[in-house]
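One structure is given here, and the rest of the page talks about it.
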Amino acid sequence: MHLVVVGGGHAGIEAAHIAARMGMPTTLLTMNLDQIGQMSCNPSIGGVGKGHMVRELDALGGLMGRLIDATGIHFRILNESRGIAVRGPRAQADRVKYRIEARRRLESTPNLGLRQGIATGLRWRAGTRGLEGVELLDGSFIPCDAVVVTSGTFLNGCILIGEHRIEAGRSGEPSSRHLADQFRSLGLRWRRLKTGTSPRIAKGSIDFSRLAPQPGDDPPRPFSFFSRGIPQPQVCCHIVSTTSETEAVIRSNLKRSSMYGGHIQGVGPRYCPSIEDKFVKFPDKAQHQIFVEPDSLETEEIYLAGLSTSMPVDVQVRMVRSMPGFEAAEILRPGYAIEYDSFDPLQLGRDLSMAELEGVWFAGQVNGTTGYEEAAGQGLMAGVNAVRRLRGQAPVVLERDQAYIGVMIDDLATKGTDEPYRMLTARAEHRLGLACDLADARLLGVARDIGALGEEEFAWTEAKLERRERLRNSCDGTWVTPSSPLGPLASSAGLTLQAGLSLSELLKRQQITSELADEALASLPGWDAGQRGWDPHLERDLLLFDLRYSGYRERESRLLEGQRSWDHVQIPARFRMEQIPGLSNEVREKLKRHRPETLGQASRIPGITHAAVTLLHLLIEKDRSA
């Protein structure tokens, strides 16, 4: 058996790596071996929601967290003051080193081979059944039993700068027309989507004294649960704001932009709009923040995150120079918009297999998502499930209460998307239980089932969980009274102890600040803040989170039990949705289009009523007993 992954971006890296780690002979096919892991847009990983997925990837054996730890030059925890559940780690990558490290790790992975070439089509024995392999532009053929398509923005990709159109998958690289045309000809539902990048500026042409510095965390906290530290020198990022002159330049040249000049058909990302969109759609906002981010320690390029644009180059120069500190700025690479083919994710199973194409899985921007992290999450799950299908095993499907990756895939396969999909914590209704710092504990069972982590990594995780359990038991067993050693601590928090209570009960009180909690925990035997791999501030926060939100999580767990019952009811594949009696035409059309695999999935389709799901349940039970 053999698996081929088409595409060497962030989805392709994870799909190929996880498949090979699972012992499957795998080939990663990419247009340019030197561009594996390229960061086409901003050189950063993580953020709120996105950082959660990177931690989940890491817990399941993925690469992204380890890559950013090895090459990151600026680390920050976003939303640190807002609580464990919505904190999001983010890191600025050294773009050059990230790409080199990604290739190095793939080349050293057993069972994985890299190959440069352009896929022009897939070949089946009969129609789209019985996959035989991948045809290449040079006339060669790679036989295989499964293919994971991670083509990013390359399918019929087109770069737009003002009125200029350039066929390309990204700057400097060709688009892929043959594969896109084959998928269209096979009847897959497709659409044009759009994304964009910002201009890159020569560092020496910027007056940094006029910018607001944005230092990283000291010390930086790694993404990966298994990293031992951050090896790269850390740098400072900066912030600048647009001005009234910036707005005037943009508004007076709107018709020259690709978007507002009518040159773009694709739908762009709602949550990462171009600078043109920002001024047009938010006219009441006079300024917009721009993040000034170093591209690499190896180059002098600076990326302007938040200034994505499809304006002509001369307009981009005027825009950039209208901001303080950028009066003499030199653009090394202009920003651009890019349009590409994506395919309706409603055609996917929840294992990311393409229902109409036997032996084929889709992952990443080809499914309508945007972002490195979203792509990587899909890539890992597609790789896992392709291997499991080849081995005759059941797919691994992460539920919405298990992982943000599960939320994303369920959203795509159940609800679809009409615009580039971006992960947000607001999309996860069970986010209280999806704290990114607990991903290793939450997904330990799934990781064992996949089998892509090493025994040392499992042992490391289990030892950490055992230590947390001992800490919790110690808190439960430590009694606090007015006359006990911890009695004065309660008094200093303004608490009057009428009777004794456990330290766990005391720590639940909101009056116990982080500093007081640290003082209490330091008195416990075995609380060794200096032990390797033990972050006392993080462990304190996780303990307080566990204690103070346990009641909410238990109540949510009881509610989930009822919802899970529908998720376990499979809808027979032979059911023809359009012929189910008792349903309205609207419900029939939605069920036919979305093709839910379970009752739970059907219940989450917008417009499907509880009554319709109940009727469907009755028909399934009747079919079973027939």
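Identifiers in the structure tokens: chain A, B, ... in order shown; residue index from 1 per chain; ligand index from 1 in order shown.
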field: Backbone-only DSSP, alpha helix (DSSP H) members of region 443-579 of chain A, as a ChimeraX atom specification
entry: /A:444-450,455-477,487-492,503-508,514-522,536-567
field: Residues near Leu453 (chain A), cut-off 9 Å, only C-alpha atoms, skip fewer than 2 positions along chain, as a PyMOL selection string
entry: chain A and resi 21+59-62+447-448+450-451+455-458
Can you write just those residues out, N, CA, C and O atoms, as a PDB file, in the first residue's frame?
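The file below, result.pdb, is the result:
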ATOM      1  N   ARG A  21       4.507   8.515   9.982  1.00  0.00           N
ATOM      2  CA  ARG A  21       4.705   8.141  11.384  1.00  0.00           C
ATOM      3  C   ARG A  21       3.834   6.944  11.767  1.00  0.00           C
ATOM      4  O   ARG A  21       4.175   6.178  12.670  1.00  0.00           O
ATOM      5  N   ALA A  59      -0.517  17.501  20.250  1.00  0.00           N
ATOM      6  CA  ALA A  59      -0.925  16.401  21.121  1.00  0.00           C
ATOM      7  C   ALA A  59      -1.180  15.116  20.344  1.00  0.00           C
ATOM      8  O   ALA A  59      -1.078  14.019  20.902  1.00  0.00           O
ATOM      9  N   LEU A  60      -1.482  15.245  19.050  1.00  0.00           N
ATOM     10  CA  LEU A  60      -1.794  14.079  18.220  1.00  0.00           C
ATOM     11  C   LEU A  60      -0.610  13.609  17.385  1.00  0.00           C
ATOM     12  O   LEU A  60      -0.733  12.677  16.593  1.00  0.00           O
ATOM     13  N   GLY A  61       0.537  14.262  17.532  1.00  0.00           N
ATOM     14  CA  GLY A  61       1.714  13.838  16.779  1.00  0.00           C
ATOM     15  C   GLY A  61       2.058  14.717  15.602  1.00  0.00           C
ATOM     16  O   GLY A  61       2.889  14.351  14.771  1.00  0.00           O
ATOM     17  N   GLY A  62       1.435  15.896  15.509  1.00  0.00           N
ATOM     18  CA  GLY A  62       1.687  16.798  14.396  1.00  0.00           C
ATOM     19  C   GLY A  62       3.004  17.544  14.535  1.00  0.00           C
ATOM     20  O   GLY A  62       3.663  17.521  15.575  1.00  0.00           O
ATOM     21  N   ALA A 447      -4.675  10.095  20.695  1.00  0.00           N
ATOM     22  CA  ALA A 447      -3.279   9.966  20.281  1.00  0.00           C
ATOM     23  C   ALA A 447      -2.827   8.514  20.344  1.00  0.00           C
ATOM     24  O   ALA A 447      -2.108   8.027  19.462  1.00  0.00           O
ATOM     25  N   ARG A 448      -3.241   7.796  21.382  1.00  0.00           N
ATOM     26  CA  ARG A 448      -2.885   6.374  21.483  1.00  0.00           C
ATOM     27  C   ARG A 448      -3.518   5.578  20.351  1.00  0.00           C
ATOM     28  O   ARG A 448      -2.896   4.670  19.782  1.00  0.00           O
ATOM     29  N   ILE A 450      -4.293   6.679  17.373  1.00  0.00           N
ATOM     30  CA  ILE A 450      -3.593   6.993  16.123  1.00  0.00           C
ATOM     31  C   ILE A 450      -2.219   6.337  16.103  1.00  0.00           C
ATOM     32  O   ILE A 450      -1.785   5.802  15.081  1.00  0.00           O
ATOM     33  N   GLY A 451      -1.518   6.415  17.228  1.00  0.00           N
ATOM     34  CA  GLY A 451      -0.224   5.756  17.333  1.00  0.00           C
ATOM     35  C   GLY A 451       0.931   6.503  16.702  1.00  0.00           C
ATOM     36  O   GLY A 451       1.906   5.888  16.277  1.00  0.00           O
ATOM     37  N   GLU A 455       6.850   6.478  22.633  1.00  0.00           N
ATOM     38  CA  GLU A 455       6.627   6.055  24.010  1.00  0.00           C
ATOM     39  C   GLU A 455       7.145   7.090  24.998  1.00  0.00           C
ATOM     40  O   GLU A 455       6.551   7.299  26.063  1.00  0.00           O
ATOM     41  N   GLU A 456       8.257   7.751  24.663  1.00  0.00           N
ATOM     42  CA  GLU A 456       8.782   8.786  25.556  1.00  0.00           C
ATOM     43  C   GLU A 456       7.804   9.938  25.690  1.00  0.00           C
ATOM     44  O   GLU A 456       7.623  10.502  26.772  1.00  0.00           O
ATOM     45  N   GLU A 457       7.145  10.279  24.591  1.00  0.00           N
ATOM     46  CA  GLU A 457       6.171  11.376  24.617  1.00  0.00           C
ATOM     47  C   GLU A 457       4.939  10.985  25.426  1.00  0.00           C
ATOM     48  O   GLU A 457       4.394  11.796  26.191  1.00  0.00           O
ATOM     49  N   PHE A 458       4.486   9.751  25.279  1.00  0.00           N
ATOM     50  CA  PHE A 458       3.368   9.290  26.096  1.00  0.00           C
ATOM     51  C   PHE A 458       3.752   9.292  27.573  1.00  0.00           C
ATOM     52  O   PHE A 458       2.968   9.713  28.432  1.00  0.00           O
TER      53      PHE A 458
END
Pick out each residue of region 150-287 of chain A that DSSP on the backbone tags as strand (DSSP E); I need them as an mmCIF file with N, CA and C atoms, in the first residue's frame.
data_model
loop_
_atom_site.group_PDB
_atom_site.id
_atom_site.type_symbol
_atom_site.label_atom_id
_atom_site.label_comp_id
_atom_site.auth_asym_id
_atom_site.auth_seq_id
_atom_site.Cartn_x
_atom_site.Cartn_y
_atom_site.Cartn_z
ATOM 1 N N CYS A 158 -4.723 32.650 -9.519
ATOM 2 C CA CYS A 158 -4.489 33.864 -10.307
ATOM 3 C C CYS A 158 -4.176 35.023 -9.364
ATOM 4 N N ILE A 159 -2.997 35.611 -9.510
ATOM 5 C CA ILE A 159 -2.590 36.754 -8.695
ATOM 6 C C ILE A 159 -3.083 38.044 -9.345
ATOM 7 N N LEU A 160 -3.565 38.951 -8.509
ATOM 8 C CA LEU A 160 -4.076 40.225 -9.007
ATOM 9 C C LEU A 160 -3.406 41.379 -8.270
ATOM 10 N N ILE A 161 -2.824 42.304 -9.038
ATOM 11 C CA ILE A 161 -2.258 43.540 -8.510
ATOM 12 C C ILE A 161 -2.820 44.658 -9.369
ATOM 13 N N HIS A 164 -3.724 44.112 -13.197
ATOM 14 C CA HIS A 164 -2.858 43.073 -13.756
ATOM 15 C C HIS A 164 -3.228 41.707 -13.183
ATOM 16 N N ARG A 165 -3.349 40.723 -14.073
ATOM 17 C CA ARG A 165 -3.650 39.351 -13.689
ATOM 18 C C ARG A 165 -2.471 38.459 -14.103
ATOM 19 N N ILE A 166 -2.047 37.635 -13.160
ATOM 20 C CA ILE A 166 -0.919 36.736 -13.421
ATOM 21 C C ILE A 166 -1.327 35.342 -12.986
ATOM 22 N N GLU A 167 -1.284 34.382 -13.887
ATOM 23 C CA GLU A 167 -1.591 33.009 -13.502
ATOM 24 C C GLU A 167 -0.485 32.492 -12.588
ATOM 25 N N TRP A 190 -17.738 23.595 -7.209
ATOM 26 C CA TRP A 190 -16.585 24.434 -6.929
ATOM 27 C C TRP A 190 -16.989 25.893 -6.867
ATOM 28 N N ARG A 191 -16.100 26.692 -6.358
ATOM 29 C CA ARG A 191 -16.320 28.144 -6.298
ATOM 30 C C ARG A 191 -14.958 28.832 -6.284
ATOM 31 N N ARG A 192 -14.980 30.124 -6.570
ATOM 32 C CA ARG A 192 -13.747 30.910 -6.526
ATOM 33 C C ARG A 192 -13.693 31.636 -5.173
ATOM 34 N N LEU A 193 -12.574 31.482 -4.491
ATOM 35 C CA LEU A 193 -12.331 32.218 -3.259
ATOM 36 C C LEU A 193 -11.104 33.099 -3.447
ATOM 37 N N LYS A 194 -10.927 34.003 -2.522
ATOM 38 C CA LYS A 194 -9.847 34.979 -2.656
ATOM 39 C C LYS A 194 -9.192 35.207 -1.292
ATOM 40 N N THR A 195 -7.886 35.386 -1.331
ATOM 41 C CA THR A 195 -7.174 35.835 -0.150
ATOM 42 C C THR A 195 -6.106 36.815 -0.612
ATOM 43 N N GLY A 196 -5.264 37.298 0.294
ATOM 44 C CA GLY A 196 -4.287 38.292 -0.124
ATOM 45 C C GLY A 196 -3.137 38.413 0.840
ATOM 46 N N ARG A 200 5.985 43.773 1.571
ATOM 47 C CA ARG A 200 7.144 43.564 2.429
ATOM 48 C C ARG A 200 8.124 44.715 2.212
ATOM 49 N N ILE A 201 8.656 45.227 3.316
ATOM 50 C CA ILE A 201 9.397 46.484 3.303
ATOM 51 C C ILE A 201 10.860 46.242 3.691
ATOM 52 N N ALA A 202 11.756 47.023 3.118
ATOM 53 C CA ALA A 202 13.170 46.975 3.499
ATOM 54 C C ALA A 202 13.327 47.549 4.909
ATOM 55 N N ALA A 212 5.436 52.056 17.828
ATOM 56 C CA ALA A 212 5.215 51.555 19.190
ATOM 57 C C ALA A 212 5.776 50.141 19.293
ATOM 58 N N PRO A 213 6.720 49.900 20.206
ATOM 59 C CA PRO A 213 7.284 48.553 20.323
ATOM 60 C C PRO A 213 6.277 47.566 20.910
ATOM 61 N N GLN A 214 6.395 46.330 20.476
ATOM 62 C CA GLN A 214 5.550 45.256 20.997
ATOM 63 C C GLN A 214 6.462 44.072 21.342
ATOM 64 N N CYS A 237 8.637 43.128 17.934
ATOM 65 C CA CYS A 237 7.777 43.591 16.839
ATOM 66 C C CYS A 237 7.319 45.021 17.161
ATOM 67 N N HIS A 238 6.615 45.649 16.227
ATOM 68 C CA HIS A 238 6.162 47.023 16.426
ATOM 69 C C HIS A 238 4.743 47.195 15.885
ATOM 70 N N ILE A 239 4.125 48.294 16.286
ATOM 71 C CA ILE A 239 2.779 48.630 15.826
ATOM 72 C C ILE A 239 2.783 50.059 15.290
ATOM 73 N N VAL A 240 2.074 50.246 14.178
ATOM 74 C CA VAL A 240 1.869 51.574 13.626
ATOM 75 C C VAL A 240 0.406 51.659 13.216
ATOM 76 N N SER A 241 -0.104 52.842 13.048
ATOM 77 C CA SER A 241 -1.499 53.013 12.629
ATOM 78 C C SER A 241 -1.570 53.777 11.316
#
task: Could you check how far CA of Ile409 (chain A) sits from CA of His594 (chain A), in Å to one decimal?
output: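 CA of Ile409 (chain A) sits 13.4 Å away from CA of His594 (chain A).
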task: Please provide as a ChimeraX atom specification all residues within 12 Å of His17 (chain A), with the sequence filter that same-chain residues fewer than 2 positions apart are discarded (counting only C-alpha atoms).
output: /A:3-5,8-15,19-28,57,60-64,102-114,376,379-384,387,452-453
field: Shortest interatomic distance to Ile18 (chain A) - which of A:Tyr303, A:Arg388, A:Gly117, A:Tyr271, counting only C-alpha atoms
entry: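 Of A:Tyr303, A:Arg388, A:Gly117, A:Tyr271, the one nearest Ile18 (chain A), counting only C-alpha atoms, is A:Arg388.
The two atoms in question, CA of Leu521 (chain A) and CA of Leu78 (chain A), are spaced 25.7 Å apart.
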